[in-house]
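Peer 1: Got a file for you: query02.tsv, TSV, C-alpha atoms and all ligand atoms.
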chain	number	residue	atom	x	y	z
B	1	MET	CA	96.97	54.47	-70.20
B	2	SER	CA	95.54	56.35	-73.12
B	3	ILE	CA	92.43	58.41	-72.85
B	4	VAL	CA	90.02	58.42	-75.75
B	5	THR	CA	87.36	61.08	-75.77
B	6	PRO	CA	84.25	59.66	-77.45
B	7	GLY	CA	83.32	61.53	-80.59
B	8	PHE	CA	86.74	63.03	-81.09
B	9	GLN	CA	88.56	60.99	-83.71
B	10	GLY	CA	91.56	63.23	-83.99
B	11	ARG	CA	91.98	66.88	-84.65
B	12	ARG	CA	92.86	68.93	-87.66
B	13	GLY	CA	93.96	72.48	-87.08
B	14	GLY	CA	92.98	72.26	-83.42
B	15	LYS	CA	89.34	71.67	-84.33
B	16	PRO	CA	87.59	68.40	-83.53
B	17	ASP	CA	86.63	66.49	-86.67
B	18	LEU	CA	83.21	65.44	-85.52
B	19	PRO	CA	80.39	67.74	-84.43
B	20	PRO	CA	78.67	66.81	-81.15
B	21	GLY	CA	76.66	63.58	-81.21
B	22	GLN	CA	78.03	62.40	-84.55
B	23	TYR	CA	79.86	59.14	-85.32
B	24	LEU	CA	82.16	58.30	-88.18
B	25	ALA	CA	80.62	56.35	-91.08
B	26	HIS	CA	82.88	54.44	-93.41
B	27	ASP	CA	80.25	53.65	-96.02
B	28	PHE	CA	78.04	56.27	-97.66
B	29	PRO	CA	74.48	55.71	-96.45
B	30	VAL	CA	71.61	56.59	-98.81
B	31	LEU	CA	68.76	58.59	-97.30
B	32	SER	CA	65.86	59.57	-99.51
B	33	ALA	CA	62.27	60.39	-98.57
B	34	GLY	CA	60.95	58.63	-101.68
B	35	PRO	CA	62.04	56.60	-104.69
B	36	THR	CA	65.14	57.63	-106.62
B	37	PRO	CA	64.15	59.66	-109.69
B	38	ARG	CA	66.08	58.85	-112.86
B	39	ILE	CA	66.69	62.07	-114.74
B	40	ARG	CA	68.30	61.83	-118.15
B	41	THR	CA	70.90	64.51	-118.65
B	42	ASP	CA	69.38	65.39	-122.04
B	43	ARG	CA	66.19	66.35	-120.20
B	44	TRP	CA	67.90	67.82	-117.14
B	45	GLU	CA	67.74	71.53	-116.51
B	46	PHE	CA	68.95	73.71	-113.68
B	47	VAL	CA	67.01	76.90	-113.00
B	48	VAL	CA	67.58	79.97	-110.87
B	49	THR	CA	64.37	81.92	-110.28
B	50	THR	CA	64.36	85.36	-108.72
B	51	GLU	CA	61.68	86.89	-106.50
B	52	THR	CA	60.34	88.78	-109.54
B	53	GLY	CA	59.86	85.53	-111.43
B	54	GLU	CA	62.81	85.99	-113.74
B	55	ALA	CA	64.41	82.66	-114.57
B	56	LYS	CA	67.84	81.69	-115.78
B	57	SER	CA	68.40	78.12	-116.85
B	58	TRP	CA	71.21	75.80	-117.90
B	59	SER	CA	71.07	72.62	-119.91
B	60	TRP	CA	73.41	69.78	-118.87
B	61	ALA	CA	75.87	70.78	-121.61
B	62	GLU	CA	75.81	74.42	-120.52
B	63	PHE	CA	76.07	73.55	-116.84
B	64	THR	CA	79.02	71.18	-117.24
B	65	ALA	CA	80.84	73.78	-119.37
B	66	LEU	CA	80.86	76.21	-116.43
B	67	PRO	CA	84.01	76.60	-114.33
B	68	TYR	CA	84.00	73.91	-111.63
B	69	GLU	CA	85.78	73.30	-108.36
B	70	ASP	CA	87.08	70.09	-106.85
B	71	VAL	CA	86.46	70.23	-103.12
B	72	THR	CA	87.16	67.97	-100.16
B	73	VAL	CA	84.64	68.47	-97.38
B	74	ASP	CA	83.19	66.79	-94.28
B	75	ILE	CA	79.49	65.93	-94.38
B	76	HIS	CA	77.17	65.47	-91.41
B	77	CYS	CA	73.76	63.80	-91.44
B	78	VAL	CA	71.15	64.54	-88.77
B	79	THR	CA	70.78	60.75	-88.30
B	80	LYS	CA	74.24	61.09	-86.68
B	81	TRP	CA	76.68	59.74	-89.24
B	82	SER	CA	79.45	61.93	-90.55
B	83	LYS	CA	81.84	61.30	-93.38
B	84	LEU	CA	85.14	63.13	-93.41
B	85	GLN	CA	87.13	64.34	-96.39
B	86	THR	CA	84.64	63.51	-99.13
B	87	GLY	CA	85.66	64.56	-102.64
B	88	TRP	CA	83.27	66.32	-105.00
B	89	ARG	CA	83.29	68.26	-108.24
B	90	GLY	CA	80.72	70.99	-108.61
B	91	VAL	CA	79.91	74.45	-109.81
B	92	ALA	CA	80.07	77.00	-106.99
B	93	VAL	CA	76.71	78.62	-106.32
B	94	ASP	CA	78.66	81.91	-106.57
B	95	THR	CA	79.22	81.12	-110.25
B	96	LEU	CA	75.56	80.25	-110.86
B	97	LEU	CA	74.36	83.47	-109.23
B	98	GLU	CA	76.96	85.75	-110.83
B	99	ASP	CA	74.55	87.51	-113.20
B	100	VAL	CA	71.45	87.07	-111.07
B	101	ASP	CA	69.94	90.26	-109.75
B	102	THR	CA	68.17	89.65	-106.46
B	103	ALA	CA	67.30	91.41	-103.23
B	104	ALA	CA	66.33	88.12	-101.58
B	105	ASP	CA	67.87	86.83	-98.35
B	106	TYR	CA	66.53	83.26	-98.58
B	107	VAL	CA	66.61	80.45	-101.08
B	108	MET	CA	64.38	77.44	-101.61
B	109	ALA	CA	66.15	74.53	-103.22
B	110	ARG	CA	63.71	72.36	-105.16
B	111	SER	CA	64.44	68.93	-106.56
B	112	TYR	CA	63.09	66.64	-109.26
B	113	ASP	CA	61.46	64.40	-106.62
B	114	GLY	CA	59.49	67.37	-105.20
B	115	TYR	CA	61.83	67.69	-102.20
B	116	THR	CA	62.45	71.21	-100.93
B	117	THR	CA	64.81	72.73	-98.39
B	118	ASN	CA	65.36	76.36	-97.39
B	119	VAL	CA	68.75	77.99	-96.85
B	120	PRO	CA	69.75	81.61	-96.20
B	121	LEU	CA	71.29	83.00	-99.39
B	122	GLU	CA	74.47	84.03	-97.56
B	123	ASP	CA	75.08	80.37	-96.65
B	124	LEU	CA	75.24	79.47	-100.34
B	125	LEU	CA	77.79	82.18	-101.21
B	126	ASP	CA	81.52	82.79	-100.70
B	127	GLY	CA	82.62	79.28	-101.60
B	128	GLN	CA	80.31	77.55	-99.12
B	129	ALA	CA	78.04	75.64	-101.51
B	130	TRP	CA	78.12	73.87	-104.86
B	131	VAL	CA	75.88	72.14	-107.33
B	132	ALA	CA	77.91	68.95	-107.36
B	133	TYR	CA	77.92	66.41	-110.19
B	134	ARG	CA	80.89	64.17	-109.46
B	135	TYR	CA	81.72	62.25	-106.29
B	136	ASP	CA	84.95	60.42	-105.51
B	137	GLY	CA	86.21	60.76	-109.08
B	138	GLU	CA	83.07	59.37	-110.73
B	139	GLU	CA	79.80	60.75	-111.96
B	140	LEU	CA	77.37	61.22	-109.10
B	141	SER	CA	75.18	58.12	-108.77
B	142	PRO	CA	71.37	58.49	-108.89
B	143	GLU	CA	71.08	57.27	-105.27
B	144	HIS	CA	73.26	60.11	-104.06
B	145	GLY	CA	71.49	62.74	-106.15
B	146	GLY	CA	72.84	62.44	-109.67
B	147	PRO	CA	72.87	64.01	-112.18
B	148	ALA	CA	73.54	66.82	-109.68
B	149	ARG	CA	72.85	67.78	-106.09
B	150	LEU	CA	73.25	70.81	-103.92
B	151	LEU	CA	76.20	70.48	-101.54
B	152	VAL	CA	76.14	72.69	-98.42
B	153	PRO	CA	78.59	70.85	-96.19
B	154	HIS	CA	78.56	73.28	-93.25
B	155	LEU	CA	74.88	72.48	-92.60
B	156	TYR	CA	73.30	69.06	-91.90
B	157	LEU	CA	73.06	67.01	-95.06
B	158	TRP	CA	69.30	67.31	-95.47
B	159	LYS	CA	70.04	70.84	-96.76
B	160	SER	CA	72.05	69.28	-99.61
B	161	ALA	CA	69.12	68.64	-101.94
B	162	LYS	CA	69.67	65.67	-104.24
B	163	TRP	CA	68.43	65.77	-107.87
B	164	ILE	CA	68.46	69.55	-107.69
B	165	HIS	CA	66.31	71.35	-110.24
B	166	GLU	CA	65.86	74.89	-108.98
B	167	LEU	CA	67.16	77.54	-106.62
B	168	ARG	CA	64.33	79.98	-105.99
B	169	MET	CA	65.13	83.35	-104.38
B	170	MET	CA	62.71	84.36	-101.60
B	171	LEU	CA	62.30	87.70	-99.87
B	172	GLN	CA	60.85	85.89	-96.87
B	173	ASP	CA	61.94	82.60	-95.38
B	174	GLU	CA	59.72	79.55	-95.86
B	175	PRO	CA	60.26	76.05	-94.48
B	176	GLY	CA	61.13	73.22	-96.85
B	177	PHE	CA	60.08	69.56	-96.56
B	178	TRP	CA	61.91	68.51	-93.36
B	179	GLU	CA	61.86	72.00	-91.84
B	180	ALA	CA	58.04	71.95	-92.01
B	181	ALA	CA	58.12	68.49	-90.39
B	182	GLY	CA	60.00	69.70	-87.29
B	183	TYR	CA	63.63	69.73	-88.30
B	184	HIS	CA	65.63	72.81	-87.34
B	185	ASN	CA	65.22	75.73	-89.72
B	186	TYR	CA	68.97	76.34	-90.02
B	187	GLY	CA	70.67	73.04	-89.16
B	188	ASP	CA	74.20	73.85	-87.95
B	189	PRO	CA	75.82	70.53	-86.92
B	190	TRP	CA	78.37	72.26	-84.66
B	191	ARG	CA	75.53	73.77	-82.62
B	192	GLU	CA	73.60	70.48	-82.88
B	193	GLN	CA	70.58	72.16	-84.44
B	194	ARG	CA	68.76	68.96	-85.34
B	195	TYR	CA	65.15	69.76	-84.50
B	196	GLN	CA	63.03	72.82	-83.82
B	197	GLY	CA	63.94	74.24	-80.45
B	198	ASP	CA	67.52	72.86	-80.45
Q	1	LIG	N1	65.79	65.52	-103.37
Q	1	LIG	C1	66.09	65.02	-102.16
Q	1	LIG	N2	67.22	65.45	-101.56
Q	1	LIG	C2	67.57	64.97	-100.36
Q	1	LIG	C3	66.75	64.04	-99.68
Q	1	LIG	C4	65.56	63.60	-100.34
Q	1	LIG	O1	64.78	62.78	-99.82
Q	1	LIG	N3	65.28	64.12	-101.58
Q	1	LIG	N4	67.12	63.60	-98.42
Q	1	LIG	C5	68.02	64.47	-97.66
Q	1	LIG	C6	68.55	63.87	-96.47
Q	1	LIG	S1	67.52	63.77	-95.12
Q	1	LIG	C7	69.86	63.50	-96.36
Q	1	LIG	S2	70.53	62.97	-94.90
Q	1	LIG	C8	70.75	63.50	-97.55
Q	1	LIG	C9	71.30	62.13	-97.76
Q	1	LIG	O2	72.16	62.11	-98.85
Q	1	LIG	P1	72.75	60.72	-99.32
Q	1	LIG	O3	71.57	59.82	-99.64
Q	1	LIG	O4	73.60	61.01	-100.50
Q	1	LIG	O5	73.52	60.17	-98.15
Q	1	LIG	O6	70.09	63.94	-98.72
Q	1	LIG	C10	69.18	64.98	-98.52
Q	1	LIG	N5	68.72	65.42	-99.80
Q	2	MO	MO	68.89	63.14	-93.33
Can the structure in the file be given as structure tokens, please?
Peer 2:
Amino acid sequence: MSIVTPGFQGRRGGKPDLPPGQYLAHDFPVLSAGPTPRIRTDRWEFVVTTETGEAKSWSWAEFTALPYEDVTVDIHCVTKWSKLQTGWRGVAVDTLLEDVDTAADYVMARSYDGYTTNVPLEDLLDGQAWVAYRYDGEELSPEHGGPARLLVPHLYLWKSAKWIHELRMMLQDEPGFWEAAGYHNYGDPWREQRYQGD
């Protein structure tokens, strides 16, 4: 008789693949709060704004000329699906913040659809987050956040803002769209931080 532990679909490096309460999705569900914005790359701009109001921006041509990384990561949605070993190309947030002078500890990601989500700055650094523009060997589709989205795979996927436009440095933490609506402020899937109070 074989014993199957629900939720544990095998182990890599002694670590379970799936965080508590998650199931394995084989498709790639689309979850957006509103309609999909269509942003032409010739009008697209990515901006980093510091707490003093200083802004640094990249056109699509400038952004895609930056050094990129190809990463394979697991993603976990608060609606309980996870997708393992997804392949992305993106610019590490480390690269984007290289010449940015800030004393901030928090970041607000802001997207072209008005969506916002807050993340501690340290969670975007040290190879933990990317502004991703290719998925599975192809350009990132509009439904999944193309031209480019934030990718913060160690937090629930609502932190991975699609159609990213700006990273704004904040001295004090502020809730984004879902965080203000009762989702957990931090959103660690391994600690099952889905909603406020979890
Ligand atoms: N700009 C923007 N980013 C967003 C959202 C959104 O509505 N707008 N939804 C979030 C949520 S709740 C999830 S679960 C993921 C879903 O990403 P996917 O549609 O590529 O699966 O995007 C996140 N990023
Ligand atoms: Mo979500």
Peer 1: I'd like to know which of B:Leu84, B:Leu157, B:Val152, B:Leu124 is closest to ligand MO 2 (chain Q), using all atoms listed in the file.
Peer 2: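 Closest residue, counting all atoms listed in the file: B:Leu157.
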Peer 1: Looking at B:Glu179, B:Glu139, B:Asp126, B:Glu69, which one is nearest to ligand MO 2 (chain Q), with distances taken over all atoms listed in the file?
Peer 2: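 With all atoms listed in the file as the atom set, the closest residue is B:Glu179.
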Peer 1: Determine, counting all atoms listed in the file, which protein, DNA and RNA residues have an atom within 10 Å of an atom of Glu143 in chain B; residues of the same chain fewer than 5 positions away are not included. Present the result as a list in words.
Peer 2: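 My list of contacting residues is Pro29, Val30, Leu31, Ser32, Pro35, Thr36, Pro37, Arg38, Lys162 and Trp163 of chain B.
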Peer 1: Kindly compile the residues surrounding ligand MO 2 (chain Q) within 6 Å, counting all atoms listed in the file, and format them as a PDB file with C-alpha atoms, in the frame of the given file.
Peer 2:
ATOM      1  CA  CYS B  77      73.760  63.800 -91.440  1.00  0.00           C
ATOM      2  CA  VAL B  78      71.150  64.540 -88.770  1.00  0.00           C
ATOM      3  CA  THR B  79      70.780  60.750 -88.300  1.00  0.00           C
ATOM      4  CA  LEU B 157      73.060  67.010 -95.060  1.00  0.00           C
ATOM      5  CA  TRP B 158      69.300  67.310 -95.470  1.00  0.00           C
TER       6      TRP B 158
END
Peer 1: Write out as a short mmCIF file (atom, residue, chain, number, x, y, z; two decimals) with C-alpha atoms, keeping the file's coordinate frame which residues come within 12 Å of Gly114 in chain B when counting only C-alpha atoms, dropping same-chain ones fewer than 2 positions away.
Peer 2:
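File produced: result-v8.cif:
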data_model
loop_
_atom_site.label_atom_id
_atom_site.label_comp_id
_atom_site.auth_asym_id
_atom_site.auth_seq_id
_atom_site.Cartn_x
_atom_site.Cartn_y
_atom_site.Cartn_z
CA SER B 32 65.86 59.57 -99.51
CA ALA B 33 62.27 60.39 -98.57
CA GLY B 34 60.95 58.63 -101.68
CA PRO B 35 62.04 56.60 -104.69
CA THR B 36 65.14 57.63 -106.62
CA PRO B 37 64.15 59.66 -109.69
CA MET B 108 64.38 77.44 -101.61
CA ALA B 109 66.15 74.53 -103.22
CA ARG B 110 63.71 72.36 -105.16
CA SER B 111 64.44 68.93 -106.56
CA TYR B 112 63.09 66.64 -109.26
CA THR B 116 62.45 71.21 -100.93
CA THR B 117 64.81 72.73 -98.39
CA ALA B 161 69.12 68.64 -101.94
CA LYS B 162 69.67 65.67 -104.24
CA TRP B 163 68.43 65.77 -107.87
CA ILE B 164 68.46 69.55 -107.69
CA HIS B 165 66.31 71.35 -110.24
CA GLU B 166 65.86 74.89 -108.98
CA GLY B 176 61.13 73.22 -96.85
CA PHE B 177 60.08 69.56 -96.56
#
Peer 1: Work out how far CA of Gly53 in chain B is from CA of Leu97 in chain B, in Å to one decimal.
Peer 2: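 Between CA of Leu97 in chain B and CA of Gly53 in chain B the gap is 14.8 Å.
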Peer 1: For atom C3 of ligand LIG 1 (chain Q) and CA of Lys83 in chain B, quote the distance in Å rounded to one decimal.
Peer 2: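 Between atom C3 of ligand LIG 1 (chain Q) and CA of Lys83 in chain B the gap works out to 16.6 Å.
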Peer 1: Select, from B:Gly127, B:Pro16, B:Pro120, B:Gly146, the residue with the minimum atom-to-atom distance to Leu96 in chain B, counting only C-alpha atoms.
Peer 2: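 Using only C-alpha atoms, the shortest distance to Leu96 in chain B belongs to B:Gly127.
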Peer 1: What are the centre and edge lengths in Å, to one decimal, of the axis-aligned box around all listed atoms of ligand LIG 1 (chain Q) with 6 Å added on each side, as lines of an AutoDock Vina configuration file?
Peer 2:
center_x = 69.2
center_y = 62.7
center_z = -99.1
size_x = 20.8
size_y = 17.7
size_z = 20.5
Peer 1: Rebuild range 104-134 of chain B so that it carries N, CA and C atoms, then output the result as an mmCIF file, keeping the file's coordinate frame.
Peer 2:
data_model
loop_
_atom_site.group_PDB
_atom_site.id
_atom_site.type_symbol
_atom_site.label_atom_id
_atom_site.label_comp_id
_atom_site.auth_asym_id
_atom_site.auth_seq_id
_atom_site.Cartn_x
_atom_site.Cartn_y
_atom_site.Cartn_z
ATOM 1 N N ALA B 104 66.806 89.148 -102.513
ATOM 2 C CA ALA B 104 66.330 88.120 -101.580
ATOM 3 C C ALA B 104 67.403 87.743 -100.566
ATOM 4 N N ASP B 105 66.960 87.320 -99.385
ATOM 5 C CA ASP B 105 67.870 86.830 -98.350
ATOM 6 C C ASP B 105 67.761 85.325 -98.161
ATOM 7 N N TYR B 106 66.767 84.692 -98.795
ATOM 8 C CA TYR B 106 66.530 83.260 -98.580
ATOM 9 C C TYR B 106 66.384 82.543 -99.910
ATOM 10 N N VAL B 107 66.695 81.267 -99.870
ATOM 11 C CA VAL B 107 66.610 80.450 -101.080
ATOM 12 C C VAL B 107 65.851 79.167 -100.755
ATOM 13 N N MET B 108 64.968 78.771 -101.678
ATOM 14 C CA MET B 108 64.380 77.440 -101.610
ATOM 15 C C MET B 108 65.014 76.596 -102.697
ATOM 16 N N ALA B 109 65.636 75.500 -102.264
ATOM 17 C CA ALA B 109 66.150 74.530 -103.220
ATOM 18 C C ALA B 109 65.016 73.551 -103.516
ATOM 19 N N ARG B 110 64.797 73.269 -104.791
ATOM 20 C CA ARG B 110 63.710 72.360 -105.160
ATOM 21 C C ARG B 110 64.256 71.301 -106.101
ATOM 22 N N SER B 111 63.853 70.063 -105.846
ATOM 23 C CA SER B 111 64.440 68.930 -106.560
ATOM 24 C C SER B 111 63.431 68.251 -107.463
ATOM 25 N N TYR B 112 63.939 67.369 -108.311
ATOM 26 C CA TYR B 112 63.090 66.640 -109.260
ATOM 27 C C TYR B 112 62.122 65.687 -108.570
ATOM 28 N N ASP B 113 62.396 65.277 -107.328
ATOM 29 C CA ASP B 113 61.460 64.400 -106.620
ATOM 30 C C ASP B 113 60.424 65.196 -105.816
ATOM 31 N N GLY B 114 60.432 66.537 -105.938
ATOM 32 C CA GLY B 114 59.490 67.370 -105.200
ATOM 33 C C GLY B 114 60.031 67.837 -103.858
ATOM 34 N N TYR B 115 61.192 67.309 -103.464
ATOM 35 C CA TYR B 115 61.830 67.690 -102.200
ATOM 36 C C TYR B 115 62.195 69.173 -102.213
ATOM 37 N N THR B 116 62.039 69.811 -101.061
ATOM 38 C CA THR B 116 62.450 71.210 -100.930
ATOM 39 C C THR B 116 63.233 71.387 -99.644
ATOM 40 N N THR B 117 64.127 72.357 -99.633
ATOM 41 C CA THR B 117 64.810 72.730 -98.390
ATOM 42 C C THR B 117 65.220 74.190 -98.498
ATOM 43 N N ASN B 118 65.069 74.926 -97.389
ATOM 44 C CA ASN B 118 65.360 76.360 -97.390
ATOM 45 C C ASN B 118 66.715 76.646 -96.751
ATOM 46 N N VAL B 119 67.421 77.604 -97.321
ATOM 47 C CA VAL B 119 68.750 77.990 -96.850
ATOM 48 C C VAL B 119 68.873 79.506 -96.982
ATOM 49 N N PRO B 120 69.477 80.183 -95.999
ATOM 50 C CA PRO B 120 69.750 81.610 -96.200
ATOM 51 C C PRO B 120 70.697 81.792 -97.388
ATOM 52 N N LEU B 121 70.451 82.798 -98.208
ATOM 53 C CA LEU B 121 71.290 83.000 -99.390
ATOM 54 C C LEU B 121 72.767 83.128 -99.005
ATOM 55 N N GLU B 122 73.055 83.815 -97.913
ATOM 56 C CA GLU B 122 74.470 84.030 -97.560
ATOM 57 C C GLU B 122 75.208 82.719 -97.259
ATOM 58 N N ASP B 123 74.462 81.675 -96.904
ATOM 59 C CA ASP B 123 75.080 80.370 -96.650
ATOM 60 C C ASP B 123 75.422 79.614 -97.937
ATOM 61 N N LEU B 124 74.921 80.117 -99.059
ATOM 62 C CA LEU B 124 75.240 79.470 -100.340
ATOM 63 C C LEU B 124 76.374 80.189 -101.064
ATOM 64 N N LEU B 125 76.804 81.341 -100.524
ATOM 65 C CA LEU B 125 77.790 82.180 -101.210
ATOM 66 C C LEU B 125 79.175 82.062 -100.578
ATOM 67 N N ASP B 126 80.141 82.732 -101.203
ATOM 68 C CA ASP B 126 81.520 82.790 -100.700
ATOM 69 C C ASP B 126 82.155 81.412 -100.557
ATOM 70 N N GLY B 127 81.945 80.581 -101.570
ATOM 71 C CA GLY B 127 82.620 79.280 -101.600
ATOM 72 C C GLY B 127 82.118 78.298 -100.560
ATOM 73 N N GLN B 128 80.850 78.442 -100.140
ATOM 74 C CA GLN B 128 80.310 77.550 -99.120
ATOM 75 C C GLN B 128 79.393 76.474 -99.676
ATOM 76 N N ALA B 129 79.026 76.586 -100.960
ATOM 77 C CA ALA B 129 78.040 75.640 -101.510
ATOM 78 C C ALA B 129 78.262 75.445 -103.007
ATOM 79 N N TRP B 130 77.904 74.246 -103.466
ATOM 80 C CA TRP B 130 78.120 73.870 -104.860
ATOM 81 C C TRP B 130 76.913 73.102 -105.387
ATOM 82 N N VAL B 131 76.743 73.131 -106.691
ATOM 83 C CA VAL B 131 75.880 72.140 -107.330
ATOM 84 C C VAL B 131 76.843 71.093 -107.864
ATOM 85 N N ALA B 132 76.868 69.963 -107.154
ATOM 86 C CA ALA B 132 77.910 68.950 -107.360
ATOM 87 C C ALA B 132 77.420 67.877 -108.323
ATOM 88 N N TYR B 133 78.308 67.432 -109.207
ATOM 89 C CA TYR B 133 77.920 66.410 -110.190
ATOM 90 C C TYR B 133 78.927 65.281 -110.318
ATOM 91 N N ARG B 134 79.989 65.317 -109.537
ATOM 92 C CA ARG B 134 80.890 64.170 -109.460
ATOM 93 C C ARG B 134 81.231 63.911 -108.000
#
